[in-house]
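**Q** First the structure, then my questions, so here it is.
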Number of protein chains: 2
Amino acid sequence: MAVTIAALAERAPEARIALTPPVISALARAGAAVIVEANAGAAAGFVDEDYVAAGASIATRANAIAAADVVACVRRPDAATLAALRAGQVVLGLLDVWDNPAELTAVADRGVSVLSFDSLPRQISRAQTMDVLSSQASIAGYRAAIVAAETYGRYFPMMVTAAGTAKPATVLVLGAGVAGLQAIATARRLGARVTGYDVRPDAREEVTSLGAAFLATAVDAVGEGGYARELTEHEAAQQRAELAAAIASFDVIIATAKVPGRTPPLLVTADTVAAMRRGSVIVDLAASSLGGNVAGSVPDAVTTTDAGVTIIGAGELAAQMAPAASDAFARNVTAVVASLIVDGALVVDPTDDVIGSMLTTAPAKEESRS
Amino acid sequence: MAVTIAALAERAPEARIALTPPVISALARAGAAVIVEANAGAAAGFVDEDYVAAGASIATRANAIAAADVVACVRRPDAATLAALRAGQVVLGLLDVWDNPAELTAVADRGVSVLSFDSLPRQISRAQTMDVLSSQASIAGYRAAIVAAETYGRYFPMMVTAAGTAKPATVLVLGAGVAGLQAIATARRLGARVTGYDVRPDAREEVTSLGAAFLATAVDAVGEGGYARELTEHEAAQQRAELAAAIASFDVIIATAKVPGRTPPLLVTADTVAAMRRGSVIVDLAASSLGGNVAGSVPDAVTTTDAGVTIIGAGELAAQMAPAASDAFARNVTAVVASLIVDGALVVDPTDDVIGSMLTTAPAKEESRS
């Protein structure tokens, strides 16, 4: 009997969905049947008929949960859904393990395998096909450059016309992780003059290989898992001062510095914003309820200062490209699910280096279900 | 005594302004002093201090008109402003000469030189630095591609990732004038797979030189002034049918087919829209109160069909990039003004091939003022 994977509708405003029609045949080959909650894909542009045509079944939420071996979701489900999960089931998603961890631990203690992409060991090569943080960051970085171009009142490329020449826009990307590198690449595609910055000195080569300049500061900080370590208060102040001196000369700032589970560093102070030219645009991908990289950024809102600088609080840009973001998310989900199916049965192995890291609470013994 | 040029505030929602700080020094070299109506540049991102710093004066609207030899505007001014103009003055702008021409003729009959960019002879090489239709179309075409990318729920470029490959977006640009070519170039920069279409067969070379494919139809129509001639009803029906067959396979349509003073041709019917895939995006640069290239496009509005196709009515895209659009407009105004100043005096010569064409009603004799 096939393992059954259910994709549930997310809570608005989340527009993504964890499984999309293109992955259903791959899941079938891996030994998994798919059930999708009715209308769950609509906000991402996938209608029920598309799922059915690809081989999935449509069901009510309750029936989908009841039938599922694995419940796949984008965000942590609501309390009622978590309460409906039973021992032996797997729940898989971007569960935000740092937010109210007790709620997840309680689910795990009931014998549910709670697997979150937040804690995927991203540097293990086998995990890269499962890396939701990376696939979604890539979309967010691409979209950050597009949104910046849409907001900026001038051309990104240099334009030579009969009546004169328009200079290319100058773009500074703060943070050269997946999102930052994709923002750099996209702004470069559009013809902007791009500079990248990262506190990890190793990022220089990646930035310059995309044809961008690298902004160096005296502060450097290599951390664990490929992320920057947290700076001391003294280092952070020095970093802000060095950045402030550079930022005023740019037309567009795209800030992408964030580490899962940590408060984003403040890189652009109110004084630095005030020093920017009228018409400048800042996109803050770190904007969140905990703050962002930019003073004055408001999550999911666009604000313009009295001096004419526009600040876009853009912590959830991937969700704004829900069709592509869902497809990528679904491929990552599929890779995890495929790794959980052994000889046609679902096996959650807490000693597996990838799966074990994703488990919120490692169960005491190996669970299996066929 | 210097010739005086005044730039007036436009009526909202027009955000552009006819003169910007960067052209003021060039106008001074040509022998012209600039007066700007107070706060007139604010919507385009130019504050009064910027104009003053560049050498212009700030005045009330009434004082600016009173002092001006040339009144420069983006759109046709309101009736009160036209009534305030006096014999010997020049009014210069995109006056929309096909809309209520009697209002402009009445002004010309009072001895005002009414010069409109609408009727610039665009194929005369000396006129190219004055070509507002071209400079604004270039911005509109660039922006059309950016807006399409911002609206489309997937990547424009091909993306190869650990978890799989995302196909590039397929973009069809209808109309390969200045706007269409710039839309093609911008969509190409972003990595989309682009096809261009124009009813003028000569456009093929321009389209393919940008790296796009050319969509050929059996209908061709070369007209005057570089524009397409109007098709017969039979030809237009054939064209729509041929386009319909092609359009359904594209993710994004950017429609740019319009000729000043003519109703835009309907290129994309409701049936054609209905045949497009869910998630497809159409940007209609011809959208206007007279209709557009696309059935169902609403000027300055975004609509999504029940089948999930988004149609953006975008007849005024240049105005949405008011800083760049105003700078370009101002350079075009400056070129006209410079050509009107002879030995320090303003000379409107109706026998001049460029100026004569721009004049709404050619005065009986040469006017001059010093």
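Chain labels A, B, ... are given in the sequence in which chains occur in the structure tokens; within each chain residues are numbered consecutively from 1, and ligands are likewise numbered from 1 in the order shown.
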Quick one: residues within 12 Å of Asp271 (chain A), only C-alpha atoms, excluding same-chain residues fewer than 2 positions away - as a VMD selection string?

**A** chain A and resid 240 to 241 243 to 245 247 to 248 267 to 269 273 to 276 294 to 296 305 307

**Q** Counting only C-alpha atoms, which residues from chain B have an atom at most 6 Å from any atom of chain A, and could you show them as JSON, numbers by chain?

**A** {"B": [128, 129, 153, 154, 162, 163, 189, 190, 321, 323, 324]}

**Q** Find the residues around Ala43 (chain A) up to 10 Å (only C-alpha atoms counted), leave out those fewer than 5 positions away in its own chain, and share them as number ranges by chain.

**A** A: 9-10, 12-17, 322-323

**Q** Please provide as JSON, numbers by chain all residues within 8 Å of region 100-104 of chain B, with the sequence filter that same-chain residues fewer than 4 positions apart are discarded (counting only C-alpha atoms).

**A** {"B": [108, 114, 360]}

**Q** From the list A:Ala255, A:Leu231, A:Val52, A:Leu266, which residue is nearest Leu290 (chain A) when using only C-alpha atoms?

**A** A:Leu266

**Q** For the structure I just gave you, how does DSSP split region 9-50 of chain A - specifically, which residues are helix (DSSP H, G or I)? Reply as a count of residues only.

**A** 16

**Q** What gap, in Å, lies between CA of Ala213 (chain B) and CA of Ile184 (chain B)?

**A**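 Between CA of Ala213 (chain B) and CA of Ile184 (chain B) the gap is 10.0 Å.
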
**Q** Enter the distance from CA of Ala59 (chain A) to CA of Arg76 (chain A), in Å, rounded to one decimal.

**A** 20.1 Å

**Q** Write out as a VMD selection string the set of residues from region 168-285 of chain A that DSSP, computed on the backbone, places in strand (DSSP E or B).

**A** chain A and resid 170 to 174 193 to 197 213 to 215 252 to 255 268 281 to 284

**Q** Could you work out how far CA of Ala192 (chain B) lies from CA of Asp251 (chain A), giving the answer in Å with one decimal?

**A**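 Computing it gives 25.5 Å between the two atoms.
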
**Q** Could you list, as a ChimeraX atom specification, every residue within 12 Å of Glu224 (chain A), counting only C-alpha atoms and ignoring same-chain residues fewer than 4 positions away?

**A** /A:121-123,200,228-230,259

**Q** With N, CA and C atoms retained, export the selected residues as a compact mmCIF listing (two decimals), in the first residue's frame.

**A**
```txt
# COMPACT_ATOMS: atom_id res chain seq x y z
N PRO A 121 20.11 20.46 7.99
CA PRO A 121 21.56 20.73 7.96
C PRO A 121 21.98 21.09 6.54
N ARG A 122 21.96 22.39 6.22
CA ARG A 122 22.02 22.86 4.84
C ARG A 122 23.35 22.56 4.17
N GLN A 123 24.38 22.28 4.98
CA GLN A 123 25.68 22.09 4.33
C GLN A 123 25.95 20.64 3.95
N ARG A 200 31.01 38.07 6.03
CA ARG A 200 31.86 36.89 5.85
C ARG A 200 32.81 37.17 4.68
N ALA A 228 26.94 33.94 9.17
CA ALA A 228 27.81 34.83 9.94
C ALA A 228 27.55 34.60 11.42
N ARG A 229 28.59 34.73 12.24
CA ARG A 229 28.36 34.72 13.69
C ARG A 229 27.78 36.07 14.09
N GLU A 230 27.22 36.08 15.28
CA GLU A 230 26.67 37.32 15.80
C GLU A 230 27.83 38.25 16.17
N VAL A 259 19.64 35.43 9.83
CA VAL A 259 20.01 34.07 10.19
C VAL A 259 18.79 33.48 10.90
```

**Q** With distances taken over only C-alpha atoms, which of B:Leu94, B:Ala236, B:Ala140, B:Ala32 is nearest to Arg75 (chain B)?

**A**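 Distance minimum relative to Arg75 (chain B) lands on B:Leu94.
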
**Q** Need to verify the contact set: Thr361 (chain B), 12 Å, only C-alpha atoms, exclusion of same-chain residues closer than 2 positions in sequence. Can you return it as number ranges by chain?

**A** B: 97, 101-116, 119, 350, 355-359, 363-365

**Q** Closest to Gly93 (chain B) among B:Ala26, B:Ala7, B:Val194, B:Ile35, using only C-alpha atoms?

**A** B:Ala7
